[in-house]
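> Supplied structure: my_file16.txt, compact mmCIF, C-alpha atoms.
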```txt
# COMPACT_ATOMS: atom_id res chain seq x y z
CA MET X 1 0.00 0.00 0.00
CA ASN X 2 1.30 3.44 -0.93
CA ASN X 3 2.10 5.27 2.27
CA THR X 4 1.93 8.78 0.89
CA ILE X 5 -0.71 11.34 -0.04
CA SER X 6 0.02 13.47 -3.05
CA HIS X 7 -0.74 17.13 -3.47
CA LYS X 8 -3.24 16.18 -6.17
CA GLU X 9 -5.01 13.67 -3.91
CA ALA X 10 -5.24 16.26 -1.13
CA ALA X 11 -6.60 18.84 -3.57
CA GLN X 12 -9.27 16.34 -4.67
CA ALA X 13 -10.23 15.76 -1.04
CA VAL X 14 -10.49 19.53 -0.52
CA LYS X 15 -12.75 19.86 -3.55
CA GLN X 16 -14.85 16.94 -2.33
CA ILE X 17 -15.31 18.58 1.08
CA ASN X 18 -16.30 21.91 -0.47
CA ASP X 19 -18.74 20.25 -2.90
CA VAL X 20 -20.43 18.21 -0.17
CA GLN X 21 -20.75 21.21 2.16
CA ALA X 22 -22.18 23.36 -0.65
CA ASP X 23 -24.75 20.62 -1.33
CA ILE X 24 -25.73 20.48 2.35
CA ASN X 25 -26.08 24.28 2.40
CA ARG X 26 -28.48 24.04 -0.54
CA HIS X 27 -30.75 21.75 1.52
CA SER X 28 -30.82 24.06 4.54
CA ALA X 29 -33.38 26.78 5.23
CA LYS X 30 -32.65 30.06 3.48
CA GLU X 31 -33.35 32.41 6.36
CA TYR X 32 -33.20 35.46 4.12
CA MET X 33 -36.22 34.39 2.06
CA PRO X 34 -38.92 35.01 4.71
CA TRP X 35 -37.38 38.42 5.48
CA ILE X 36 -37.48 39.47 1.85
CA GLY X 37 -41.02 38.10 1.61
CA TRP X 38 -42.22 40.03 4.68
CA GLY X 39 -40.46 43.17 3.46
CA LEU X 40 -42.31 42.89 0.16
CA PHE X 41 -45.50 42.27 2.11
CA THR X 42 -45.47 45.74 3.67
CA MET X 43 -44.06 47.49 0.60
CA LEU X 44 -46.70 46.07 -1.72
CA LEU X 45 -49.73 45.65 0.53
CA TYR X 46 -49.62 48.82 2.63
CA PRO X 47 -49.82 51.47 -0.17
CA PRO X 48 -53.31 50.32 -1.35
CA PHE X 49 -54.68 51.45 2.05
CA ASP X 50 -54.16 54.99 0.74
CA TYR X 51 -56.40 54.33 -2.26
CA PHE X 52 -58.95 51.66 -1.36
CA ASP X 53 -61.50 51.18 1.37
CA GLN X 54 -59.40 50.42 4.46
CA ASN X 55 -61.86 47.94 5.96
CA LYS X 56 -62.08 45.85 2.80
CA TRP X 57 -58.35 46.00 2.08
CA SER X 58 -57.50 45.02 5.67
CA ILE X 59 -59.28 41.70 5.03
CA VAL X 60 -56.96 41.03 2.07
CA VAL X 61 -53.88 42.02 4.11
CA GLY X 62 -55.05 39.90 7.03
CA VAL X 63 -55.53 36.80 4.86
CA VAL X 64 -52.13 37.28 3.17
CA ALA X 65 -50.51 37.76 6.59
CA ILE X 66 -52.01 34.53 7.96
CA VAL X 67 -51.12 32.51 4.85
CA GLY X 68 -47.62 34.06 4.86
CA ALA X 69 -47.09 33.20 8.52
CA ILE X 70 -48.18 29.58 7.92
CA LEU X 71 -45.93 29.25 4.85
CA THR X 72 -42.97 30.80 6.67
CA ASP X 73 -43.39 28.41 9.59
CA ARG X 74 -43.78 25.36 7.33
CA TYR X 75 -40.79 26.34 5.19
CA ILE X 76 -38.47 26.80 8.17
CA ARG X 77 -39.69 23.66 9.96
CA THR X 78 -39.47 21.46 6.85
CA ARG X 79 -35.96 22.61 5.95
CA GLN X 80 -34.78 22.45 9.57
CA SER X 81 -36.00 18.86 9.85
CA LYS X 82 -33.71 17.93 6.93
CA VAL X 83 -30.64 20.03 7.64
CA LYS X 84 -30.52 21.80 10.97
CA ARG X 85 -28.10 24.70 11.10
CA GLU X 86 -27.39 27.32 13.66
CA LYS X 87 -29.91 30.11 13.10
CA LYS X 88 -28.42 33.41 11.99
CA THR X 89 -31.61 35.31 12.81
CA SER X 90 -32.09 36.25 16.42
CA PRO X 91 -35.68 35.96 17.73
CA LEU X 92 -35.14 39.60 18.71
CA ALA X 93 -35.13 40.50 14.99
CA TRP X 94 -38.67 39.10 14.63
CA VAL X 95 -39.77 40.94 17.79
CA ILE X 96 -38.38 44.21 16.35
CA TYR X 97 -40.18 43.54 13.06
CA MET X 98 -43.49 42.93 14.85
CA LEU X 99 -43.03 46.10 16.93
CA LEU X 100 -42.32 48.07 13.75
CA ILE X 101 -45.49 46.68 12.20
CA LEU X 102 -47.50 47.59 15.29
CA MET X 103 -46.07 51.11 15.56
CA GLY X 104 -46.33 51.61 11.80
CA ASN X 105 -49.98 50.56 11.76
CA VAL X 106 -50.84 52.94 14.61
CA PHE X 107 -48.96 55.78 12.91
CA ALA X 108 -50.48 55.19 9.46
CA PHE X 109 -53.99 54.70 10.84
CA THR X 110 -53.92 58.00 12.73
CA ALA X 111 -51.92 59.99 10.14
CA HIS X 112 -53.93 58.82 7.15
CA SER X 113 -56.64 61.46 7.72
CA GLN X 114 -54.00 64.22 7.73
CA PHE X 115 -51.89 63.28 4.72
CA ALA X 116 -52.60 61.06 1.78
CA TYR X 117 -49.59 58.76 1.60
CA ALA X 118 -49.26 57.67 5.23
CA TRP X 119 -49.65 53.95 4.46
CA THR X 120 -47.29 54.10 1.46
CA ILE X 121 -44.60 55.79 3.55
CA THR X 122 -45.13 53.33 6.40
CA GLY X 123 -44.97 50.34 4.03
CA PHE X 124 -41.66 51.48 2.58
CA ALA X 125 -40.27 52.56 5.96
CA ILE X 126 -40.82 49.03 7.33
CA GLY X 127 -40.34 47.04 4.13
CA LEU X 128 -37.09 48.51 2.89
CA PRO X 129 -35.00 47.80 6.02
CA THR X 130 -36.60 44.35 6.25
CA ILE X 131 -35.55 43.53 2.69
CA LEU X 132 -32.08 44.96 3.30
CA TYR X 133 -31.78 42.76 6.39
CA GLY X 134 -32.77 39.76 4.26
CA LEU X 135 -30.15 40.65 1.66
CA TRP X 136 -27.57 41.02 4.42
CA LEU X 137 -28.49 37.53 5.70
CA LYS X 138 -28.11 36.21 2.15
CA SER X 139 -24.64 37.68 1.89
CA GLN X 140 -23.70 35.82 5.09
CA ASN X 141 -24.46 32.40 3.55
CA MET V 1 4.78 17.31 -1.91
CA ASP V 2 3.84 13.95 -0.40
CA ARG V 3 2.85 13.32 3.19
CA SER V 4 2.65 10.14 5.19
CA TYR V 5 -0.81 8.62 5.57
CA GLN V 6 0.00 8.28 9.24
CA GLN V 7 -0.53 12.01 9.61
CA LEU V 8 -4.10 11.55 8.44
CA ASP V 9 -6.92 9.88 10.31
CA THR V 10 -7.28 6.56 8.47
CA LEU V 11 -10.99 6.39 9.32
CA LEU V 12 -11.55 9.67 7.48
CA HIS V 13 -9.12 8.90 4.70
CA GLN V 14 -11.79 7.26 2.56
CA PRO V 15 -13.95 9.30 0.15
CA ALA V 16 -17.43 8.30 1.37
CA ARG V 17 -16.58 8.55 5.08
CA LEU V 18 -14.89 11.89 4.46
CA SER V 19 -18.02 13.09 2.66
CA ILE V 20 -20.20 12.01 5.60
CA MET V 21 -17.99 13.93 8.01
CA ALA V 22 -17.85 16.98 5.73
CA ALA V 23 -21.63 17.02 5.38
CA LEU V 24 -22.18 16.76 9.13
CA ALA V 25 -19.53 19.42 9.80
CA ALA V 26 -21.56 21.89 7.74
CA ALA V 27 -24.64 21.56 9.97
CA GLN V 28 -25.83 20.82 13.47
CA GLU V 29 -27.83 17.84 12.28
CA VAL V 30 -28.51 16.19 8.91
CA GLU V 31 -31.28 13.75 8.05
CA PHE V 32 -30.21 10.32 6.75
CA ALA V 33 -32.06 10.73 3.42
CA VAL V 34 -30.41 14.09 2.70
CA LEU V 35 -27.02 12.61 3.53
CA LYS V 36 -27.68 9.68 1.21
CA ASP V 37 -28.69 12.00 -1.65
CA THR V 38 -25.68 14.21 -1.08
CA ILE V 39 -23.12 11.44 -0.96
CA ASN V 40 -24.90 9.26 -3.49
CA ILE V 41 -24.25 5.83 -2.01
CA SER V 42 -26.55 2.96 -1.12
CA ASP V 43 -28.48 2.78 2.15
CA SER V 44 -26.56 -0.30 3.26
CA LEU V 45 -23.13 1.16 2.58
CA LEU V 46 -24.07 4.45 4.23
CA SER V 47 -25.38 2.56 7.27
CA ARG V 48 -22.15 0.57 7.43
CA TYR V 49 -19.99 3.71 7.35
CA ILE V 50 -22.23 5.42 9.90
CA GLY V 51 -21.77 2.40 12.16
CA MET V 52 -17.97 2.68 11.83
CA LEU V 53 -18.00 6.41 12.59
CA GLU V 54 -20.43 5.90 15.46
CA ASP V 55 -18.18 3.19 16.94
CA ALA V 56 -15.30 5.67 16.81
CA LYS V 57 -17.60 8.15 18.63
CA TYR V 58 -17.26 10.58 15.73
CA ILE V 59 -20.98 10.85 15.07
CA HIS V 60 -24.19 10.70 17.04
CA VAL V 61 -27.30 9.02 15.68
CA ARG V 62 -30.75 10.21 16.76
CA LYS V 63 -33.94 8.45 15.80
CA GLY V 64 -37.34 10.10 15.80
CA HIS V 65 -40.47 10.74 13.78
CA VAL V 66 -41.80 13.43 11.46
CA GLY V 67 -45.54 12.89 11.66
CA LYS V 68 -45.84 9.12 11.61
CA ARG V 69 -42.73 8.53 9.51
CA PRO V 70 -39.56 7.34 11.24
CA ARG V 71 -36.51 9.49 10.60
CA THR V 72 -32.83 9.28 11.49
CA TRP V 73 -30.71 12.35 12.11
CA LEU V 74 -26.94 12.42 12.35
CA SER V 75 -24.59 14.90 13.93
CA LEU V 76 -20.90 15.20 14.71
CA THR V 77 -19.75 14.67 18.27
CA ALA V 78 -17.11 16.96 19.76
CA THR V 79 -14.58 14.18 19.10
CA GLY V 80 -15.72 13.89 15.49
CA ARG V 81 -15.62 17.64 14.92
CA LYS V 82 -12.08 17.77 16.32
CA ALA V 83 -10.96 14.82 14.16
CA PHE V 84 -12.47 16.40 11.04
CA SER V 85 -10.87 19.79 11.81
CA GLU V 86 -7.48 18.14 12.23
CA TYR V 87 -7.91 16.19 9.00
CA VAL V 88 -8.86 19.37 7.14
CA GLU V 89 -5.94 21.21 8.70
CA THR V 90 -3.55 18.55 7.44
CA LEU V 91 -5.05 18.75 3.96
CA ARG V 92 -4.79 22.52 4.12
CA LYS V 93 -1.10 22.27 4.86
CA ILE V 94 -0.56 19.86 1.99
CA VAL V 95 -2.58 21.82 -0.54
CA GLY V 96 -1.46 25.17 0.80
CA HIS V 97 -4.73 27.07 0.55
CA ASN V 98 -7.80 27.64 2.62
CA ILE V 99 -10.68 25.20 2.71
CA GLY V 100 -14.25 26.19 3.51
CA SER V 101 -14.26 25.75 7.24
CA ALA V 102 -16.65 23.41 9.01
```
Represent the structure of the file as structure tokens.

Amino acid sequence: MNNTISHKEAAQAVKQINDVQADINRHSAKEYMPWIGWGLFTMLLYPPFDYFDQNKWSIVVGVVAIVGAILTDRYIRTRQSKVKREKKTSPLAWVIYMLLILMGNVFAFTAHSQFAYAWTITGFAIGLPTILYGLWLKSQN
Amino acid sequence: MDRSYQQLDTLLHQPARLSIMAALAAAQEVEFAVLKDTINISDSLLSRYIGMLEDAKYIHVRKGHVGKRPRTWLSLTATGRKAFSEYVETLRKIVGHNIGSA
């Protein structure tokens, strides 16, 4: 039996390790996706409050929010059950997002009667940093 | 540049077992089916290698259920993570460039 390892053999092993780890990463949950999704949620679904009947539109937003929450939970749970990785997102980030939503809703609801684009501004003010956070998470992968 | 095999962990110095260790080093826990797809070997051979690595206390096997379906999850032990890191470090020295760390 040859008792040596060549440079070429070691390089092949290195490539093998990198390939396998990249494949495992592909199976893991992409934490940035829900953040981008929820950022788009406020950016796209808040502005119509400025133009449509708020009561009717809130039903649409409510349904999308519930479906989105279920899909987010299922996506994370399913992926985590296959490949569990250390989470990069702190639960605090979700708490901050929920607080922003709550504060934004209160602000837009009260300010809407005084200026026309309160919901649009709120949607972008919450959505843009959320999407940027998602893109930052993506860059960390 | 050639190096003695004795510098390398002989248990890891086999492509499929190295792939198992590399896959587990990239995560906290990996499901058996995902590992099988990633490494692309038969169930029986994978089970045999898992048994060898488990005997060496390199990996931990956890059995459970998702719904009603039985599942097996695998993870590296501290001993296994150390052995893999040392193996990678040796390869790194031989090749002379950085490897994606575990």
> Every residue with an atom at most 9 Å from (-45.4, 47.9, 4.9) (file coordinates; only C-alpha atoms) is what I'm after, so could you write them as a PDB file with C-alpha atoms, in the coordinates of the input?

```pdb
ATOM      1  CA  TRP X  38     -42.220  40.030   4.680  1.00  0.00           C
ATOM      2  CA  GLY X  39     -40.460  43.170   3.460  1.00  0.00           C
ATOM      3  CA  LEU X  40     -42.310  42.890   0.160  1.00  0.00           C
ATOM      4  CA  PHE X  41     -45.500  42.270   2.110  1.00  0.00           C
ATOM      5  CA  THR X  42     -45.470  45.740   3.670  1.00  0.00           C
ATOM      6  CA  MET X  43     -44.060  47.490   0.600  1.00  0.00           C
ATOM      7  CA  LEU X  44     -46.700  46.070  -1.720  1.00  0.00           C
ATOM      8  CA  LEU X  45     -49.730  45.650   0.530  1.00  0.00           C
ATOM      9  CA  TYR X  46     -49.620  48.820   2.630  1.00  0.00           C
ATOM     10  CA  PRO X  47     -49.820  51.470  -0.170  1.00  0.00           C
ATOM     11  CA  ILE X 101     -45.490  46.680  12.200  1.00  0.00           C
ATOM     12  CA  GLY X 104     -46.330  51.610  11.800  1.00  0.00           C
ATOM     13  CA  ASN X 105     -49.980  50.560  11.760  1.00  0.00           C
ATOM     14  CA  TRP X 119     -49.650  53.950   4.460  1.00  0.00           C
ATOM     15  CA  THR X 120     -47.290  54.100   1.460  1.00  0.00           C
ATOM     16  CA  ILE X 121     -44.600  55.790   3.550  1.00  0.00           C
ATOM     17  CA  THR X 122     -45.130  53.330   6.400  1.00  0.00           C
ATOM     18  CA  GLY X 123     -44.970  50.340   4.030  1.00  0.00           C
ATOM     19  CA  PHE X 124     -41.660  51.480   2.580  1.00  0.00           C
ATOM     20  CA  ALA X 125     -40.270  52.560   5.960  1.00  0.00           C
ATOM     21  CA  ILE X 126     -40.820  49.030   7.330  1.00  0.00           C
ATOM     22  CA  GLY X 127     -40.340  47.040   4.130  1.00  0.00           C
ATOM     23  CA  LEU X 128     -37.090  48.510   2.890  1.00  0.00           C
TER      24      LEU X 128
END
```
> Could you give me, as a tab-separated table, a per-residue list for chain X showing, wherever an atom lies at most 7 Å from an atom of chain V, the closest pair of atoms and their distance in Å to one decimal, using all atoms listed in the file and sorting by chain then residue number from low to high?

```
residue	atom	partner	partner_atom	distance
X:Asn3	CA	V:Tyr5	CA	5.5
X:Thr4	CA	V:Ser4	CA	4.6
X:Ile5	CA	V:Arg3	CA	5.2
X:Ser6	CA	V:Asp2	CA	4.7
X:His7	CA	V:Met1	CA	5.7
X:Ala10	CA	V:Leu91	CA	5.7
X:Ala11	CA	V:Val95	CA	5.8
X:Val14	CA	V:Ile99	CA	6.5
X:Ile17	CA	V:Ala22	CA	5.5
X:Asn18	CA	V:Gly100	CA	6.2
X:Val20	CA	V:Ala23	CA	5.8
X:Gln21	CA	V:Ala23	CA	5.4
X:Asp23	CA	V:Thr38	CA	6.5
X:Ile24	CA	V:Ala23	CA	6.2
X:Lys82	CA	V:Glu31	CA	5.0
X:Val83	CA	V:Val30	CA	4.6
X:Lys84	CA	V:Glu29	CA	5.0
X:Arg85	CA	V:Ala27	CA	4.8
X:Glu86	CA	V:Gln28	CA	6.7
```
> What's the separation between CA of Lys138 (chain X) and CA of Glu31 (chain X), in Å to one decimal place?
7.7 Å
> Separation of CA of Tyr49 (chain V) and CA of Arg26 (chain X), in Å?
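Computed distance, CA of Tyr49 (chain V) to CA of Arg26 (chain X), equals 23.4 Å.
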> First collect every listed atom of region 38-46 of chain V; then fit an axis-aligned box around them, widen it by 4 Å on each side, and give centre and edge lengths in Å to one decimal, as lines of an AutoDock Vina configuration file.

```
center_x = -25.8
center_y = 7.0
center_z = 0.4
size_x = 13.4
size_y = 22.5
size_z = 15.7
```
> What is the CA of Thr130 (chain X)-CA of Tyr97 (chain X) distance in Å, reported with one decimal?
7.7 Å
> Neighbouring residues of Pro34 (chain X) were defined as those with any atom within 9 Å, considering all atoms listed in the file; residues of the same chain fewer than 6 positions away were excluded. Please report them as a list in words.
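Close residues of Pro34 (chain X): Gly68, Thr72, Tyr75, Ile76 and Gly134 of chain X.
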> With only C-alpha atoms as the atoms that count, which of X:Trp136, X:Arg79, X:Ala13, X:Ile70 lies nearest to Asn25 (chain X)?
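Closest to Asn25 (chain X) of all the choices is X:Arg79.
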> Looking at only C-alpha atoms, which of V:Thr79, V:Arg17, V:Thr10, V:Tyr87 is the one that sits closest to Ser47 (chain V)?
V:Arg17
